[in-house]
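Shown here: coords_11.cif, mmCIF, C-alpha atoms and all ligand atoms.
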data_entry
loop_
_atom_site.label_atom_id
_atom_site.label_comp_id
_atom_site.auth_asym_id
_atom_site.auth_seq_id
_atom_site.Cartn_x
_atom_site.Cartn_y
_atom_site.Cartn_z
CA MET K 1 105.49 93.59 84.15
CA ASN K 2 104.68 96.96 82.55
CA ASN K 3 100.95 97.84 82.55
CA SER K 4 100.26 95.05 85.07
CA SER K 5 97.69 95.60 87.80
CA SER K 6 98.72 95.80 91.47
CA LYS K 7 97.11 92.39 91.94
CA ASP K 8 99.24 90.78 89.20
CA LEU K 9 102.36 92.59 90.39
CA PHE K 10 101.76 91.41 93.95
CA GLU K 11 101.27 87.80 92.81
CA ALA K 12 104.59 87.99 90.96
CA ALA K 13 106.28 89.75 93.88
CA LYS K 14 105.17 87.10 96.38
CA LYS K 15 107.00 84.45 94.35
CA LEU K 16 110.27 86.40 94.49
CA ILE K 17 110.23 88.63 97.58
CA PRO K 18 109.35 87.52 101.14
CA GLY K 19 105.72 88.50 101.67
CA GLY K 20 105.89 90.29 98.32
CA VAL K 21 107.40 93.37 99.96
CA ASN K 22 110.77 94.84 100.83
CA SER K 23 109.50 96.19 104.14
CA PRO K 24 106.78 94.39 106.16
CA VAL K 25 104.42 97.30 106.83
CA ARG K 26 103.84 97.66 103.07
CA ALA K 27 102.07 94.27 102.97
CA PHE K 28 98.81 95.68 104.42
CA ARG K 29 98.66 92.73 106.85
CA SER K 30 97.00 94.71 109.66
CA VAL K 31 94.47 96.44 107.39
CA GLY K 32 93.74 93.61 104.97
CA GLY K 33 93.50 93.58 101.22
CA THR K 34 96.17 93.68 98.53
CA PRO K 35 98.71 96.49 98.64
CA PHE K 36 98.64 98.79 95.62
CA PHE K 37 101.82 99.28 93.60
CA THR K 38 102.88 102.86 92.93
CA GLU K 39 103.96 103.74 89.41
CA LYS K 40 104.65 107.45 90.00
CA ALA K 41 104.44 110.10 92.71
CA GLU K 42 104.05 113.86 92.31
CA GLY K 43 103.39 116.48 95.00
CA ALA K 44 100.70 115.21 97.39
CA TYR K 45 99.70 112.34 95.08
CA LEU K 46 100.56 108.73 94.35
CA TYR K 47 99.63 107.22 90.97
CA THR K 48 99.05 103.49 91.22
CA ALA K 49 99.49 100.63 88.75
CA ASP K 50 95.68 100.58 88.60
CA ASN K 51 95.50 104.14 87.25
CA THR K 52 94.26 105.48 90.56
CA GLN K 53 95.33 108.83 91.99
CA LEU K 54 95.61 108.85 95.77
CA ILE K 55 96.22 111.72 98.18
CA ASP K 56 99.21 110.45 100.14
CA PHE K 57 99.54 110.87 103.93
CA VAL K 58 102.52 108.50 104.20
CA CYS K 59 104.95 110.68 102.20
CA THR K 60 107.28 107.67 101.84
CA TRP K 61 107.30 107.50 105.68
CA GLY K 62 108.58 111.04 106.14
CA PRO K 63 111.18 112.12 103.55
CA ALA K 64 108.73 113.84 101.17
CA ILE K 65 108.14 116.94 103.32
CA HIS K 66 108.08 119.10 100.13
CA GLY K 67 105.82 116.59 98.37
CA HIS K 68 106.93 113.86 96.00
CA ASN K 69 109.34 114.42 93.10
CA HIS K 70 109.91 118.09 93.89
CA PRO K 71 111.57 119.84 90.90
CA GLU K 72 114.29 121.47 93.05
CA ILE K 73 115.28 118.10 94.54
CA LYS K 74 115.07 116.37 91.15
CA GLU K 75 117.32 119.02 89.63
CA ALA K 76 119.89 118.63 92.42
CA ILE K 77 119.99 114.88 91.77
CA GLU K 78 120.32 115.41 87.99
CA ILE K 79 123.28 117.78 88.47
CA ALA K 80 125.00 115.28 90.79
CA LEU K 81 124.17 112.38 88.45
CA ARG K 82 126.10 113.99 85.59
CA LYS K 83 129.26 113.57 87.71
CA GLY K 84 128.67 109.93 88.62
CA THR K 85 126.70 107.92 91.18
CA SER K 86 129.26 106.84 93.78
CA PHE K 87 132.98 107.38 94.29
CA GLY K 88 134.01 105.50 97.45
CA THR K 89 136.12 108.52 98.36
CA PRO K 90 135.32 111.69 100.27
CA ASN K 91 133.24 114.07 98.15
CA PRO K 92 132.24 117.76 98.51
CA TYR K 93 128.56 116.92 99.21
CA GLU K 94 129.61 115.30 102.49
CA VAL K 95 131.10 118.58 103.72
CA GLY K 96 128.03 120.50 102.55
CA MET K 97 125.66 118.16 104.36
CA ALA K 98 127.71 118.15 107.57
CA GLN K 99 127.87 121.97 107.56
CA LEU K 100 124.06 122.18 107.16
CA ILE K 101 123.27 119.67 109.90
CA GLN K 102 125.76 121.32 112.26
CA LYS K 103 124.13 124.67 111.58
CA ILE K 104 120.55 123.39 111.95
CA VAL K 105 120.60 120.79 114.78
CA PRO K 106 121.39 122.37 118.17
CA SER K 107 123.31 119.43 119.66
CA VAL K 108 125.47 118.58 116.66
CA ASP K 109 129.17 119.44 116.39
CA LYS K 110 130.05 116.52 114.08
CA VAL K 111 128.14 114.17 111.76
CA ARG K 112 128.75 110.66 110.38
CA MET K 113 126.61 109.75 107.36
CA CYS K 114 125.23 106.23 106.81
CA ASN K 115 122.49 104.69 104.69
CA SER K 116 119.42 104.19 106.87
CA GLY K 117 117.80 105.16 110.14
CA THR K 118 118.51 101.65 111.40
CA GLU K 119 122.23 102.14 110.87
CA ALA K 120 122.04 105.54 112.55
CA ALA K 121 120.37 104.09 115.67
CA MET K 122 122.64 101.04 115.72
CA SER K 123 125.81 103.12 115.37
CA SER K 124 124.70 105.65 117.99
CA ILE K 125 124.21 103.00 120.68
CA ARG K 126 127.54 101.37 119.78
CA LEU K 127 129.17 104.80 120.12
CA ALA K 128 127.46 105.36 123.49
CA ARG K 129 128.70 101.98 124.73
CA GLY K 130 132.22 102.67 123.47
CA PHE K 131 132.32 106.15 124.98
CA THR K 132 130.91 105.20 128.41
CA LYS K 133 132.42 101.67 128.49
CA ARG K 134 129.01 100.46 129.73
CA ASP K 135 126.80 97.76 128.21
CA LYS K 136 123.19 98.33 129.22
CA ILE K 137 120.83 100.56 127.24
CA ILE K 138 117.33 101.85 127.97
CA LYS K 139 114.64 102.02 125.31
CA PHE K 140 110.93 102.71 125.66
CA ALA K 141 108.04 100.34 124.99
CA GLY K 142 106.49 101.17 121.62
CA CYS K 143 109.47 103.08 120.30
CA TYR K 144 111.00 101.74 117.08
CA HIS K 145 114.56 102.47 116.06
CA GLY K 146 114.88 100.28 112.97
CA HIS K 147 115.67 96.58 112.89
CA VAL K 148 118.66 96.64 115.23
CA ASP K 149 119.06 93.38 117.19
CA SER K 150 119.44 95.06 120.58
CA LEU K 151 116.55 97.43 119.89
CA LEU K 152 114.03 94.90 118.53
CA VAL K 153 113.24 94.18 122.16
CA GLN K 154 109.81 94.34 123.68
CA ALA K 155 108.67 95.23 127.12
CA GLY K 156 107.27 92.59 129.38
CA SER K 157 104.03 93.33 131.16
CA GLY K 158 105.45 95.79 133.72
CA ALA K 159 106.40 99.39 133.38
CA LEU K 160 110.05 98.37 133.58
CA THR K 161 111.36 95.05 132.39
CA LEU K 162 114.51 93.46 131.12
CA GLY K 163 113.99 92.98 127.42
CA ASN K 164 112.59 90.01 125.57
CA PRO K 165 113.51 89.62 121.89
CA ASP K 166 110.80 91.13 119.65
CA SER K 167 111.84 89.08 116.64
CA ALA K 168 113.05 85.57 115.94
CA GLY K 169 116.79 85.39 115.44
CA ILE K 170 117.76 87.63 118.35
CA PRO K 171 119.67 85.83 121.14
CA GLN K 172 118.30 86.43 124.63
CA SER K 173 121.82 87.54 125.56
CA PHE K 174 121.42 90.54 123.24
CA ALA K 175 118.06 91.45 124.80
CA ASP K 176 119.50 91.04 128.30
CA GLU K 177 121.45 94.26 127.86
CA THR K 178 118.30 96.21 126.94
CA ILE K 179 116.07 97.62 129.66
CA VAL K 180 112.56 98.51 128.46
CA VAL K 181 110.72 101.29 130.30
CA GLU K 182 107.24 102.74 129.83
CA TYR K 183 107.30 106.14 128.10
CA ASN K 184 105.97 109.07 130.17
CA ASN K 185 106.58 107.02 133.35
CA LEU K 186 109.27 108.81 135.34
CA GLU K 187 108.95 106.51 138.34
CA ALA K 188 109.81 103.45 136.22
CA LEU K 189 112.79 105.28 134.74
CA GLU K 190 114.09 106.31 138.16
CA LYS K 191 113.71 102.69 139.30
CA ALA K 192 115.79 101.52 136.31
CA PHE K 193 118.57 103.95 137.12
CA LYS K 194 118.40 103.05 140.81
CA GLU K 195 118.91 99.39 139.88
CA PHE K 196 121.31 99.67 136.91
CA GLY K 197 122.55 103.28 136.89
CA SER K 198 126.28 102.71 136.68
CA GLU K 199 125.80 100.07 133.95
CA ILE K 200 123.63 102.20 131.66
CA ALA K 201 125.42 103.52 128.57
CA CYS K 202 122.48 105.45 127.20
CA ILE K 203 118.82 106.09 126.84
CA ILE K 204 117.63 105.99 123.24
CA VAL K 205 114.23 107.57 122.71
CA GLU K 206 111.97 108.79 119.96
CA PRO K 207 111.31 112.11 121.74
CA TYR K 208 107.83 112.07 120.19
CA PRO K 209 107.16 108.33 119.74
CA ALA K 210 105.66 107.94 116.27
CA ASN K 211 105.87 104.19 115.68
CA CYS K 212 103.01 103.29 118.00
CA GLY K 213 100.70 105.90 116.60
CA LEU K 214 101.86 109.33 117.84
CA ILE K 215 102.47 109.94 121.55
CA LEU K 216 103.48 113.31 122.99
CA PRO K 217 105.55 113.75 126.16
CA ASP K 218 104.07 114.92 129.44
CA PRO K 219 105.24 118.44 130.31
CA GLY K 220 108.82 118.27 131.61
CA TYR K 221 109.30 114.60 130.72
CA LEU K 222 112.04 115.11 128.13
CA LYS K 223 113.85 117.53 130.45
CA ALA K 224 113.75 114.79 133.10
CA LEU K 225 115.39 112.35 130.65
CA ARG K 226 118.19 114.87 130.14
CA LYS K 227 118.61 115.37 133.90
CA ILE K 228 118.67 111.70 134.91
CA THR K 229 121.15 110.72 132.16
CA SER K 230 123.49 113.61 133.06
CA GLU K 231 123.30 112.69 136.75
CA ASN K 232 124.23 109.05 136.00
CA GLY K 233 126.94 109.56 133.39
CA SER K 234 124.73 107.99 130.70
CA LEU K 235 124.23 109.49 127.24
CA LEU K 236 120.88 110.76 125.94
CA ILE K 237 120.24 109.73 122.34
CA PHE K 238 117.33 111.33 120.48
CA ASP K 239 116.16 109.20 117.60
CA GLU K 240 114.93 111.98 115.31
CA VAL K 241 114.84 109.88 112.15
CA MET K 242 111.17 110.86 111.82
CA THR K 243 110.88 114.11 113.80
CA GLY K 244 114.17 115.64 112.66
CA PHE K 245 113.71 118.66 110.37
CA ARG K 246 109.95 117.88 110.41
CA VAL K 247 108.44 119.17 113.67
CA ALA K 248 110.85 122.12 113.52
CA LEU K 249 113.95 122.84 111.45
CA GLY K 250 116.07 121.63 114.39
CA GLY K 251 113.65 118.85 115.31
CA VAL K 252 112.22 118.13 118.75
CA GLN K 253 115.46 119.22 120.40
CA GLU K 254 114.97 122.73 119.02
CA LYS K 255 111.23 122.75 119.78
CA GLU K 256 111.70 121.55 123.37
CA GLY K 257 115.05 123.22 124.09
CA ILE K 258 116.75 119.94 125.05
CA VAL K 259 120.35 119.14 124.09
CA PRO K 260 120.82 115.36 123.67
CA ASP K 261 124.33 113.90 123.46
CA LEU K 262 123.70 112.11 120.17
CA THR K 263 121.00 112.29 117.50
CA ALA K 264 120.02 109.62 115.00
CA MET K 265 118.77 111.14 111.76
CA GLY K 266 117.47 109.99 108.37
CA LYS K 267 114.56 110.34 105.94
CA ILE K 268 114.30 114.09 105.15
CA ILE K 269 118.11 114.50 104.84
CA GLY K 270 118.11 112.06 101.93
CA GLY K 271 115.36 113.83 99.98
CA GLY K 272 113.87 110.40 99.25
CA LEU K 273 117.15 108.57 98.61
CA PRO K 274 118.72 106.11 101.11
CA VAL K 275 120.30 107.94 104.03
CA GLY K 276 120.99 108.00 107.75
CA ALA K 277 123.23 110.07 110.01
CA ILE K 278 124.57 110.18 113.55
CA GLY K 279 125.30 113.62 114.98
CA GLY K 280 126.56 114.81 118.33
CA LYS K 281 129.17 116.42 120.51
CA ALA K 282 132.69 116.32 119.09
CA GLU K 283 134.22 114.65 122.14
CA ILE K 284 131.82 111.73 121.69
CA MET K 285 131.77 111.62 117.87
CA ASP K 286 135.57 111.48 117.80
CA TYR K 287 135.30 107.97 119.31
CA PHE K 288 134.24 106.80 115.82
CA ALA K 289 136.96 105.20 113.72
CA PRO K 290 139.37 106.13 112.26
CA ASP K 291 140.13 108.61 115.10
CA GLY K 292 138.59 106.50 117.83
CA PRO K 293 138.01 102.85 118.80
CA VAL K 294 134.32 102.53 117.76
CA TYR K 295 134.11 101.01 114.31
CA GLN K 296 131.43 102.26 111.92
CA ALA K 297 131.52 102.17 108.11
CA GLY K 298 129.53 101.99 104.87
CA THR K 299 130.26 101.55 101.17
CA LEU K 300 127.66 104.10 100.14
CA SER K 301 127.79 106.34 103.19
CA GLY K 302 127.87 109.97 102.02
CA ASN K 303 126.58 108.96 98.59
CA PRO K 304 126.70 112.07 96.34
CA LEU K 305 123.19 111.58 94.88
CA ALA K 306 121.54 111.09 98.28
CA LEU K 307 123.37 114.04 99.78
CA ALA K 308 122.63 116.30 96.80
CA ALA K 309 118.94 115.49 97.28
CA GLY K 310 119.16 115.96 101.05
CA ILE K 311 121.02 119.27 100.79
CA ALA K 312 118.37 120.57 98.38
CA SER K 313 115.63 119.45 100.77
CA LEU K 314 117.28 121.11 103.78
CA ASN K 315 118.02 124.32 101.90
CA LYS K 316 114.38 124.48 100.85
CA LEU K 317 113.31 124.10 104.50
CA ILE K 318 115.72 126.89 105.53
CA ASN K 319 114.56 129.22 102.72
CA ASP K 320 110.81 128.50 102.87
CA ASN K 321 110.40 127.95 106.66
CA PRO K 322 107.16 125.97 106.08
CA TYR K 323 106.55 125.04 109.74
CA ALA K 324 103.66 127.41 110.42
CA LEU K 325 101.96 126.17 107.22
CA LEU K 326 102.54 122.52 108.17
CA GLU K 327 101.13 123.16 111.67
CA ALA K 328 98.04 124.80 110.15
CA LEU K 329 97.51 121.87 107.76
CA GLY K 330 97.91 119.41 110.66
CA GLN K 331 95.40 121.29 112.79
CA LYS K 332 92.95 121.44 109.87
CA ILE K 333 92.95 117.66 109.49
CA LYS K 334 92.82 117.11 113.27
CA GLY K 335 89.86 119.50 113.69
CA ALA K 336 87.91 117.92 110.83
CA LEU K 337 88.44 114.37 112.13
CA LEU K 338 87.47 115.28 115.71
CA ASP K 339 84.39 117.19 114.52
CA ALA K 340 83.20 114.28 112.38
CA ALA K 341 83.84 111.79 115.21
CA SER K 342 82.01 113.85 117.81
CA LYS K 343 79.00 114.30 115.48
CA LYS K 344 78.92 110.52 115.19
CA GLY K 345 79.52 109.93 118.90
CA LEU K 346 82.68 108.04 118.00
CA ALA K 347 85.57 107.82 120.49
CA LEU K 348 88.60 109.22 118.66
CA GLN K 349 91.92 110.78 119.70
CA VAL K 350 93.98 112.64 117.09
CA PRO K 351 97.41 113.47 118.54
CA GLN K 352 99.04 116.03 116.23
CA VAL K 353 102.22 118.05 116.13
CA GLY K 354 103.04 120.06 113.02
CA SER K 355 102.66 117.83 109.97
CA MET K 356 102.46 114.60 111.99
CA PHE K 357 99.18 113.15 113.24
CA ALA K 358 97.74 109.78 114.19
CA LEU K 359 94.35 108.27 114.99
CA PHE K 360 93.48 106.23 118.07
CA PHE K 361 89.90 104.99 118.25
CA THR K 362 89.54 105.28 122.01
CA ASP K 363 88.01 107.76 124.42
CA THR K 364 91.08 108.09 126.62
CA PRO K 365 94.20 110.11 125.77
CA VAL K 366 97.11 107.83 124.79
CA ARG K 367 100.19 108.47 126.96
CA ASN K 368 102.13 105.25 126.42
CA PHE K 369 102.25 102.04 124.40
CA ASN K 370 99.88 100.14 126.69
CA ASP K 371 97.28 102.88 126.20
CA ALA K 372 97.80 102.63 122.43
CA LEU K 373 97.28 98.86 122.52
CA LYS K 374 93.87 99.42 124.12
CA SER K 375 92.63 101.47 121.15
CA ASP K 376 90.16 99.92 118.72
CA THR K 377 92.27 98.71 115.79
CA GLU K 378 89.23 97.16 114.06
CA SER K 379 87.75 100.66 113.71
CA PHE K 380 91.09 101.88 112.40
CA LYS K 381 91.08 99.06 109.81
CA ARG K 382 87.57 100.00 108.66
CA PHE K 383 88.53 103.69 108.55
CA PHE K 384 91.74 102.98 106.61
CA ASN K 385 89.85 100.98 103.98
CA GLN K 386 87.03 103.51 103.64
CA ALA K 387 89.57 106.32 103.28
CA LEU K 388 91.39 104.30 100.60
CA LYS K 389 88.09 103.77 98.79
CA ASN K 390 87.77 107.58 98.93
CA LYS K 391 91.24 107.85 97.34
CA ILE K 392 93.05 108.83 100.54
CA TYR K 393 96.11 106.76 101.50
CA LEU K 394 96.90 106.60 105.22
CA PRO K 395 99.68 104.50 106.81
CA PRO K 396 98.45 100.86 106.62
CA SER K 397 98.69 100.30 110.40
CA ALA K 398 97.05 101.73 113.52
CA TYR K 399 100.53 102.01 115.00
CA GLU K 400 102.02 104.44 112.53
CA THR K 401 101.91 108.21 112.07
CA CYS K 402 100.51 110.20 109.15
CA PHE K 403 102.65 112.83 107.41
CA ILE K 404 101.58 115.98 105.58
CA SER K 405 103.74 117.81 103.03
CA THR K 406 103.73 121.43 101.87
CA ALA K 407 102.34 120.09 98.58
CA HIS K 408 99.08 119.23 100.39
CA GLU K 409 98.38 122.95 100.82
CA SER K 410 96.47 123.56 97.64
CA SER K 411 93.43 121.46 96.81
CA ALA K 412 94.66 118.20 98.34
CA ILE K 413 94.06 119.15 101.96
CA ASP K 414 90.48 120.31 101.34
CA LYS K 415 89.70 117.17 99.32
CA ALA K 416 91.25 115.06 102.08
CA VAL K 417 89.21 116.81 104.80
CA GLU K 418 86.04 116.13 102.81
CA GLN K 419 86.86 112.48 102.13
CA LEU K 420 88.19 111.67 105.61
CA THR K 421 85.08 113.25 107.12
CA HIS K 422 82.99 111.06 104.84
CA ALA K 423 85.01 108.01 105.90
CA ILE K 424 84.29 108.74 109.57
CA GLU K 425 80.58 109.20 108.80
CA THR K 426 80.39 105.77 107.18
CA LEU K 427 81.99 103.94 110.15
P1 LIG K 501 115.08 102.96 108.34
O1 LIG K 501 116.13 101.91 108.65
O2 LIG K 501 113.76 102.33 107.96
O3 LIG K 501 115.58 104.02 107.33
O4 LIG K 501 114.81 103.80 109.69
C1 LIG K 501 114.49 103.09 110.84
C2 LIG K 501 113.81 104.04 111.80
C3 LIG K 501 114.54 104.53 112.88
N1 LIG K 501 113.99 105.39 113.77
C4 LIG K 501 112.70 105.80 113.63
C5 LIG K 501 112.13 106.74 114.64
C6 LIG K 501 111.92 105.33 112.54
O5 LIG K 501 110.64 105.74 112.42
C7 LIG K 501 112.47 104.44 111.61
C8 LIG K 501 111.69 103.88 110.44
N2 LIG K 501 110.35 104.32 110.30
C9 LIG K 501 109.44 103.38 109.69
C10 LIG K 501 108.04 103.99 109.74
N3 LIG K 501 107.43 103.77 110.97
C11 LIG K 501 109.85 103.04 108.29
C12 LIG K 501 108.81 102.30 107.48
C13 LIG K 501 109.23 100.88 107.21
O6 LIG K 501 109.76 100.22 108.13
O7 LIG K 501 108.99 100.44 106.06
#
What is this file in structure tokens?
Ligand code: KE4
Amino acid sequence: MNNSSSKDLFEAAKKLIPGGVNSPVRAFRSVGGTPFFTEKAEGAYLYTADNTQLIDFVCTWGPAIHGHNHPEIKEAIEIALRKGTSFGTPNPYEVGMAQLIQKIVPSVDKVRMCNSGTEAAMSSIRLARGFTKRDKIIKFAGCYHGHVDSLLVQAGSGALTLGNPDSAGIPQSFADETIVVEYNNLEALEKAFKEFGSEIACIIVEPYPANCGLILPDPGYLKALRKITSENGSLLIFDEVMTGFRVALGGVQEKEGIVPDLTAMGKIIGGGLPVGAIGGKAEIMDYFAPDGPVYQAGTLSGNPLALAAGIASLNKLINDNPYALLEALGQKIKGALLDAASKKGLALQVPQVGSMFALFFTDTPVRNFNDALKSDTESFKRFFNQALKNKIYLPPSAYETCFISTAHESSAIDKAVEQLTHAIETL
């Protein structure tokens, strides 16, 4: 299929791969059109099978914080590759990675590596249940923690509901153990603990929900999650698969000064290769087999290539400390979008923190998933497609978050500001 167009590749893919994609969001279903196929990625750019160069604000959904195909990460992989791809035994990279995460993430004494954010979330709730000997878990409407049966559970209409499966193939009995609460709604959370407190093993939360667009916590909200879990003997799990090492070196927990009991991690710590990790307090982590009774395993967990790439990525973050730059780039994009929208009299919210931002076409601030659902997704679809025509690639869904890399700093950010402004003007 070399030198084939995206259209031909997609036709072939649809005959062999469900929906023609290996992850649903890539199918462009909510924005229409045919997804482009990427042949190569470098810095802030994707190069498609149609010989188009796009400025990329997806950054492979988070890992590419230094831009795509960074030479230092590539070199680390090449050095590891010379020694082999996988051993199935402990290897020195696992110690190196665990030392780095323990040094960087405030709440982490010990780390268990796995191969995806889904596995990290799944294993962390199993660990919480094993440690507390309780079955119920609380998640928040709009938060996504990977395709874990007990977390693919949607809220009902209320601010607090017992879960309903959010996918076919999930028994109601699995969803029955999941309580879904509205984010930023303390009253609903207190009600859940009043009703189920002694049964609740954990809260799992994206501290900055970024899978329903981007939602930021009310002042004091995250501290309240810490307080109510401690008071009820439940664990607080931060799912920092996206925010970890991105909004600050130590993630949201460093930025907000909160110490969760467990943290699910992924993306950046794999430098673009498959990775996930669970980190937390030693007394809890030691419940994982082989020391403890909670089973968790993986053939490729701690893979030397993925960890070599992740270690290089983390060391670069430690050495370069790019967070002020990433914040400035995020604010530049946010300011340009809001200026263009206000000149056009268009209702637009652009929540932004560091190198993460999202767009809600609505005139009211978005504080929870219900607010997000009220935003105008048709306008987002038109904006997405106009931006793509202007060679800017945004996440192909109104309920995702955009990512900026340090590689955007040079000409890419100015070009993107110009083209995104133009896209708003044409709406
Ligand atoms: P993975 O299993 O996809 O590595 O991670 C699951 C996951 C867990 N927790 C959070 C907070 C996440 O954002 C994710 C995955 N993020 C999506 C982007 N919204 C991945 C993109 C996709 O599904 O293709």
task: Could you pull out the residues sitting within 7 Å of ligand LIG 501 (chain K), using all atoms listed in the file, and write them as a list in words?
output: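 Those within range of ligand LIG 501 (chain K) are Ser23, Pro24, Val25, Arg26, Trp61, Ser116, Gly117, Thr118, Glu119, Ala121, Tyr144, His145, Gly146, His147, Glu206, Ala210, Asn211, Asp239, Glu240, Val241, Met242, Gly266, Lys267, Val275, Gly276 and Glu400 of chain K.
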message: Residues within 10 Å of K:Val366, please, as a ChimeraX atom specification. Count all atoms listed in the file; anything in the same chain fewer than 5 positions from it doesn't count.
response: /K:213-216,349-351,360,371-375
Restricting it to C-alpha atoms, dump the selection as a PDB file, keeping the file's coordinate frame.
ATOM      1  CA  GLY K 213     100.700 105.900 116.600  1.00  0.00           C
ATOM      2  CA  LEU K 214     101.860 109.330 117.840  1.00  0.00           C
ATOM      3  CA  ILE K 215     102.470 109.940 121.550  1.00  0.00           C
ATOM      4  CA  LEU K 216     103.480 113.310 122.990  1.00  0.00           C
ATOM      5  CA  GLN K 349      91.920 110.780 119.700  1.00  0.00           C
ATOM      6  CA  VAL K 350      93.980 112.640 117.090  1.00  0.00           C
ATOM      7  CA  PRO K 351      97.410 113.470 118.540  1.00  0.00           C
ATOM      8  CA  PHE K 360      93.480 106.230 118.070  1.00  0.00           C
ATOM      9  CA  ASP K 371      97.280 102.880 126.200  1.00  0.00           C
ATOM     10  CA  ALA K 372      97.800 102.630 122.430  1.00  0.00           C
ATOM     11  CA  LEU K 373      97.280  98.860 122.520  1.00  0.00           C
ATOM     12  CA  LYS K 374      93.870  99.420 124.120  1.00  0.00           C
ATOM     13  CA  SER K 375      92.630 101.470 121.150  1.00  0.00           C
TER      14      SER K 375
END
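Atom to atom, atom CA of K:Val111 and atom CA of K:Gly302 stand 10.6 Å apart.
Take the candidates K:Glu418, K:Asp166, K:Glu283, K:Glu94 and check each one against K:Leu307 using all atoms listed in the file; the shortest distance goes to K:Glu94.
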For stretch 254-284 of chain K against stretch 199-204 of chain K, with a cut-off of 12 Å and counting only C-alpha atoms, what is the closest atom pair and its distance in Å to one decimal for every residue that makes the cut, ordered by chain and number, as CSV?
residue,atom,partner,partner_atom,distance
K:Pro260,CA,K:Ile204,CA,9.9
K:Asp261,CA,K:Cys202,CA,9.4
K:Leu262,CA,K:Ile204,CA,9.2
K:Thr263,CA,K:Ile204,CA,9.2
K:Ala264,CA,K:Ile204,CA,9.3
Quick one: write out the picked residues with C-alpha atoms as a short mmCIF file (atom, residue, chain, number, x, y, z; two decimals), keeping the file's coordinate frame?
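And here's again-v9.cif as it stands now:
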data_model
loop_
_atom_site.label_atom_id
_atom_site.label_comp_id
_atom_site.auth_asym_id
_atom_site.auth_seq_id
_atom_site.Cartn_x
_atom_site.Cartn_y
_atom_site.Cartn_z
CA PRO K 260 120.82 115.36 123.67
CA ASP K 261 124.33 113.90 123.46
CA LEU K 262 123.70 112.11 120.17
CA THR K 263 121.00 112.29 117.50
CA ALA K 264 120.02 109.62 115.00
#
- request: For atom CA of K:Gly233 and atom CA of K:Thr132, determine how far apart the two atoms are, in Å to one decimal place.
  value: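 Between these atoms lies a distance of 7.7 Å.
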Atom pair atom CA of K:Ala128 / atom CA of K:Tyr221: separation (Å): 21.6 Å
Counting all atoms listed in the file, what is within 6 Å of stretch 38-43 of chain K, bar same-chain residues fewer than 5 positions away, as a compact mmCIF listing (two decimals) with C-alpha atoms, in the coordinates of the input?
# COMPACT_ATOMS: atom_id res chain seq x y z
CA THR K 48 99.05 103.49 91.22
CA ALA K 49 99.49 100.63 88.75
CA GLY K 67 105.82 116.59 98.37
CA HIS K 68 106.93 113.86 96.00
CA ASN K 69 109.34 114.42 93.10
CA ALA K 407 102.34 120.09 98.58
field: Exercise: K:Ala347 partners within 10 Å, all atoms listed in the file, chain neighbours under 4 positions left out, as a list of chain:residue names
entry: K:Leu338, K:Ala341, K:Ser342, K:Phe360, K:Phe361, K:Thr362, K:Asp363, K:Thr364, K:Ser375, K:Asp376
task: For each of K:Val153, K:Val205, K:Ile424, K:Met97, take the minimum atom-to-atom distance to K:Gly345, counting only C-alpha atoms, then give the residue where this is smallest.
output: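 Closest candidate: K:Ile424.
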query: Pick from K:Ser107, K:Asn390, K:Ser410, K:Gln102: nearest to K:Ile284, with all atoms listed in the file counted?
result: K:Ser107
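With distances taken from (88.4, 108.1, 103.7) and restricted to only C-alpha atoms, the residues inside 8 Å are Phe383, Phe384, Asn385, Gln386, Ala387, Leu388, Lys389, Asn390, Lys391, Ile392, Ala416, Gln419, Leu420, Thr421, His422, Ala423 and Ile424 of chain K.
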For K:Asp109: contacts at 7 Å, only C-alpha atoms, fewer than 3 positions along chain excluded, given as a ChimeraX atom specification: /K:102,280-282
query: With all atoms listed in the file as the atoms that count, which of K:Ser30, K:Ser234, K:Asn22, K:Asn3 lies nearest to K:Lys381?
result: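 Result for the nearest residue to K:Lys381: K:Ser30.
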message: When you count all atoms listed in the file, which of these residues is closest to K:Cys402: K:Gly62, K:Gly250, K:Pro290, K:Pro322?
response: K:Gly62
query: Can you tell me, as a PyMOL selection string, what residues are no more than 12 Å from K:Gly96 when counting all atoms listed in the file, ignoring any on the same chain fewer than 4 positions away?
result: chain K and resi 90-92+100-103+111+113+269+302+304+307-312+314-315
query: Smallest atom-to-atom distance to K:Leu225: which of K:Val294, K:Ile138, K:Val105, K:Ala175, using only C-alpha atoms?
result: K:Ile138
Axis-aligned box for stretch 247-251 of chain K, 8 Å per side, centre and edges in Å as AutoDock Vina command-line options:
--center_x 112.3 --center_y 120.8 --center_z 113.4 --size_x 23.6 --size_y 20.0 --size_z 19.9
